[in-house]
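Undergrad: Enclosed is the structure file start.cif (mmCIF, C-alpha atoms).
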```cif
data_final
#
loop_
_atom_site.label_atom_id
_atom_site.label_comp_id
_atom_site.auth_asym_id
_atom_site.auth_seq_id
_atom_site.Cartn_x
_atom_site.Cartn_y
_atom_site.Cartn_z
CA MET A 1 23.61 -224.33 109.43
CA PRO A 2 23.52 -221.00 107.49
CA LEU A 3 25.55 -218.12 108.76
CA THR A 4 23.78 -214.83 109.07
CA TYR A 5 25.58 -211.55 109.22
CA LYS A 6 24.24 -208.20 110.10
CA ILE A 7 26.28 -205.35 108.72
CA SER A 8 25.62 -201.73 109.40
CA PHE A 9 27.42 -198.61 108.35
CA ASP A 10 27.64 -195.30 110.06
CA THR A 11 27.23 -193.02 107.07
CA LYS A 12 27.53 -189.80 109.05
CA MET A 13 31.29 -189.64 108.50
CA LEU A 14 30.89 -190.45 104.79
CA ALA A 15 28.26 -187.73 104.43
CA LYS A 16 30.49 -185.27 106.28
CA SER A 17 33.45 -186.15 104.04
CA LEU A 18 31.37 -185.79 100.86
CA ASP A 19 29.96 -182.48 102.03
CA LYS A 20 33.48 -181.22 102.74
CA ARG A 21 34.60 -182.17 99.21
CA LEU A 22 31.42 -181.41 97.26
CA GLY A 23 29.09 -179.21 99.33
CA LEU A 24 28.70 -175.46 99.37
CA GLY A 25 32.03 -173.75 99.93
CA SER A 26 33.94 -176.85 98.83
CA PRO A 27 36.61 -177.38 96.18
CA GLY A 28 34.11 -179.56 94.29
CA GLN A 29 31.49 -176.82 94.14
CA TYR A 30 34.13 -174.32 93.04
CA ALA A 31 35.29 -176.71 90.30
CA ALA A 32 31.72 -177.30 89.08
CA SER A 33 30.98 -173.57 88.95
CA LYS A 34 34.24 -172.83 87.12
CA ILE A 35 33.58 -175.59 84.56
CA ILE A 36 30.15 -174.11 83.88
CA PHE A 37 31.45 -170.53 83.72
CA ASP A 38 34.27 -171.45 81.34
CA GLY A 39 31.99 -173.66 79.24
CA THR A 40 29.49 -170.84 78.88
CA ARG A 41 31.90 -168.16 77.56
CA LYS A 42 31.28 -168.70 73.84
CA TYR A 43 27.52 -168.35 74.45
CA VAL A 44 27.69 -165.00 76.30
CA PRO A 45 26.93 -161.93 74.17
CA ALA A 46 30.18 -160.01 73.81
CA SER A 47 31.31 -156.62 72.65
CA ASN A 48 34.91 -155.96 71.68
CA GLU A 49 35.62 -155.10 75.31
CA ARG A 50 33.88 -158.24 76.64
CA VAL A 51 32.38 -156.11 79.41
CA LEU A 52 29.71 -158.60 80.48
CA GLU A 53 32.16 -161.51 80.67
CA THR A 54 34.76 -159.45 82.53
CA LEU A 55 32.26 -158.16 85.10
CA ALA A 56 30.75 -161.62 85.50
CA GLN A 57 34.15 -163.17 86.15
CA ALA A 58 35.10 -160.52 88.70
CA GLN A 59 31.82 -160.84 90.61
CA SER A 60 31.48 -164.62 90.30
CA ARG A 61 34.99 -165.76 91.26
CA PRO A 62 34.60 -165.22 95.03
CA LEU A 63 31.19 -166.93 94.98
CA MET A 64 31.91 -169.93 92.74
CA ALA A 65 32.51 -172.18 95.75
CA TYR A 66 28.95 -171.36 96.79
CA GLY A 67 27.46 -172.25 93.41
CA GLN A 68 26.87 -168.70 92.23
CA LEU A 69 27.62 -167.24 88.83
CA ILE A 70 26.67 -163.58 88.52
CA TYR A 71 26.08 -161.73 85.28
CA PRO A 72 25.50 -158.25 86.75
CA GLY A 73 23.16 -155.41 86.14
CA PRO A 74 20.24 -154.48 83.99
CA TYR A 75 22.42 -154.99 80.90
CA ALA A 76 22.70 -158.74 81.58
CA ARG A 77 18.97 -159.00 82.31
CA TYR A 78 18.20 -157.29 79.02
CA LEU A 79 20.45 -159.66 77.06
CA TRP A 80 19.36 -162.75 79.02
CA HIS A 81 15.76 -162.47 77.88
CA GLY A 82 16.75 -161.87 74.25
CA PHE A 83 13.95 -159.43 73.53
CA LYS A 84 13.85 -155.66 73.31
CA MET A 85 12.88 -154.20 76.67
CA VAL A 86 11.25 -150.81 77.08
CA ASP A 87 10.10 -148.34 79.69
CA PRO A 88 6.53 -149.44 80.60
CA ILE A 89 5.24 -145.87 80.49
CA THR A 90 7.13 -144.22 77.63
CA GLY A 91 7.67 -147.33 75.52
CA ALA A 92 11.24 -146.16 74.86
CA ALA A 93 14.26 -148.44 75.06
CA GLY A 94 16.23 -145.53 76.50
CA PHE A 95 17.63 -142.13 75.67
CA LEU A 96 21.06 -141.05 74.57
CA THR A 97 23.31 -139.29 77.07
CA PRO A 98 27.03 -138.43 76.81
CA GLU A 99 27.70 -141.66 78.77
CA GLY A 100 25.60 -143.80 76.40
CA TRP A 101 22.02 -145.09 76.30
CA ARG A 102 20.18 -144.72 79.60
CA SER A 103 16.72 -145.39 80.99
CA ARG A 104 14.70 -143.35 83.44
CA LYS A 105 16.18 -143.81 86.90
CA GLY A 106 14.47 -146.45 89.04
CA VAL A 107 12.30 -147.82 86.23
CA SER A 108 12.51 -151.51 85.32
CA LYS A 109 11.97 -152.20 81.66
CA VAL A 110 9.39 -154.66 80.41
CA ARG A 111 9.87 -157.22 77.67
CA THR A 112 8.42 -156.74 74.20
CA ASP A 113 7.97 -159.35 71.47
CA VAL A 114 10.81 -157.86 69.39
CA PRO A 115 13.81 -160.24 69.45
CA LEU A 116 17.33 -158.89 69.86
CA ASN A 117 19.91 -159.53 67.16
CA PHE A 118 23.13 -160.84 68.67
CA ASP A 119 26.53 -160.20 67.12
CA THR A 120 28.33 -163.53 66.79
CA MET A 121 31.72 -162.17 65.70
CA GLN A 122 33.23 -162.40 69.20
CA ASN A 123 31.28 -165.46 70.37
CA PRO A 124 29.83 -167.72 67.67
CA LYS A 125 27.01 -169.01 69.86
CA ALA A 126 26.13 -165.69 71.52
CA GLY A 127 22.49 -165.29 72.39
CA PRO A 128 19.94 -165.23 75.18
CA ARG A 129 19.82 -167.66 78.12
CA TRP A 130 23.47 -168.52 77.55
CA THR A 131 23.99 -170.84 80.52
CA GLU A 132 20.92 -172.92 79.64
CA ARG A 133 21.97 -173.30 76.00
CA ALA A 134 25.56 -174.10 76.98
CA LYS A 135 24.30 -176.80 79.36
CA GLU A 136 22.18 -178.37 76.61
CA ASP A 137 25.25 -178.58 74.37
CA ASN A 138 27.95 -179.46 76.92
CA TYR A 139 26.51 -181.18 80.00
CA PRO A 140 28.14 -184.61 79.42
CA GLU A 141 31.56 -182.98 78.90
CA TRP A 142 31.12 -180.87 82.04
CA VAL A 143 30.29 -183.95 84.10
CA ALA A 144 33.28 -185.83 82.67
CA GLU A 145 35.61 -182.89 83.46
CA LEU A 146 34.25 -182.62 87.00
CA GLN A 147 34.85 -186.37 87.44
CA ARG A 148 38.45 -185.98 86.18
CA GLN A 149 39.04 -183.16 88.66
CA ALA A 150 37.44 -185.13 91.50
CA ASP A 151 39.66 -188.12 90.70
CA ALA A 152 42.69 -185.79 90.87
CA GLY A 153 41.56 -184.28 94.16
CA PHE A 154 40.38 -180.96 92.67
CA PRO A 155 43.84 -179.54 91.92
CA GLY A 156 44.37 -175.94 90.99
CA ARG A 157 41.61 -174.32 93.01
CA ARG A 158 42.22 -170.64 93.45
CA GLY A 159 40.02 -168.66 95.81
#
```
Output the file's structure as structure tokens, nothing else.

TA:
Amino acid sequence: MPLTYKISFDTKMLAKSLDKRLGLGSPGQYAASKIIFDGTRKYVPASNERVLETLAQAQSRPLMAYGQLIYPGPYARYLWHGFKMVDPITGAAGFLTPEGWRSRKGVSKVRTDVPLNFDTMQNPKAGPRWTERAKEDNYPEWVAELQRQADAGFPGRRG
């Protein structure tokens, strides 16, 4: 006579445990965001002062556990698209002030078909859409690093 077993699992506790380790606000989400941020650095356009990277790190760090990386301001938007952007009315990229190049207040620039030239002295792979290009080149390594950190219990998380 065959024996029949019925096995059932209550996956609510497993789901809760996984969410605590990997969901928004978790050490796993923080680790994933940090891996992506660090893996993207050599793709981010950089001046000698590394202003964009420094601002991005300062604004992103408190939000990494929530899956957010922030490259702030109109400057990042301009670089992200990789094309010259101009005032839609005047057609000017900006005007020179004692503080540097500025646009008319409250006006969002529009993209042209003129590509930007990126300096690759600081970052050899600098260019537009840096996180997307970094992912194309590094995704398997990022996944492997996240797995290593998960296996180690996500050590070294700093909030």

Undergrad: Could you check which of A:Ala150, A:Leu22, A:Leu116, A:Leu3 is closest to Met85 in chain A, using all atoms listed in the file?

TA: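 Of A:Ala150, A:Leu22, A:Leu116, A:Leu3, the one nearest Met85 in chain A, counting all atoms listed in the file, is A:Leu116.
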
Undergrad: Box for range 40-47 of chain A: with edges along x, y and z, all listed atoms inside and 3 Å added on each side, what are the centre and edge lengths in Å to one decimal, as AutoDock Vina command-line options?

TA:
```
--center_x 29.4 --center_y -163.7 --center_z 75.8 --size_x 11.0 --size_y 20.2 --size_z 12.2
```

Undergrad: Pick out the residues sitting within 7 Å of Val86 in chain A, and hand them over as a list in words; count only C-alpha atoms, and ignore anything fewer than 6 positions along from it in its own chain.

TA: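 Surrounding residues, per the criterion: Ala92, Ala93, Lys109, Val110 and Arg111 of chain A.
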
Undergrad: Counting only C-alpha atoms, what is within 12 Å of Asn123 in chain A, bar same-chain residues fewer than 6 positions away, as a ChimeraX atom specification?

TA: /A:40-48,50,53,130

Undergrad: Just to be explicit: take each residue in the selection above, keep C-alpha atoms, and write the result as a PDB file, keeping the file's coordinate frame.

TA:
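As a result, out-v9.pdb now contains:
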```
ATOM      1  CA  THR A  40      29.490-170.840  78.880  1.00  0.00           C
ATOM      2  CA  ARG A  41      31.900-168.160  77.560  1.00  0.00           C
ATOM      3  CA  LYS A  42      31.280-168.700  73.840  1.00  0.00           C
ATOM      4  CA  TYR A  43      27.520-168.350  74.450  1.00  0.00           C
ATOM      5  CA  VAL A  44      27.690-165.000  76.300  1.00  0.00           C
ATOM      6  CA  PRO A  45      26.930-161.930  74.170  1.00  0.00           C
ATOM      7  CA  ALA A  46      30.180-160.010  73.810  1.00  0.00           C
ATOM      8  CA  SER A  47      31.310-156.620  72.650  1.00  0.00           C
ATOM      9  CA  ASN A  48      34.910-155.960  71.680  1.00  0.00           C
ATOM     10  CA  ARG A  50      33.880-158.240  76.640  1.00  0.00           C
ATOM     11  CA  GLU A  53      32.160-161.510  80.670  1.00  0.00           C
ATOM     12  CA  TRP A 130      23.470-168.520  77.550  1.00  0.00           C
TER      13      TRP A 130
END
```

Undergrad: CA of Tyr30 in chain A and CA of Arg129 in chain A are how many Å apart?

TA: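 So the answer is 21.7 Å.
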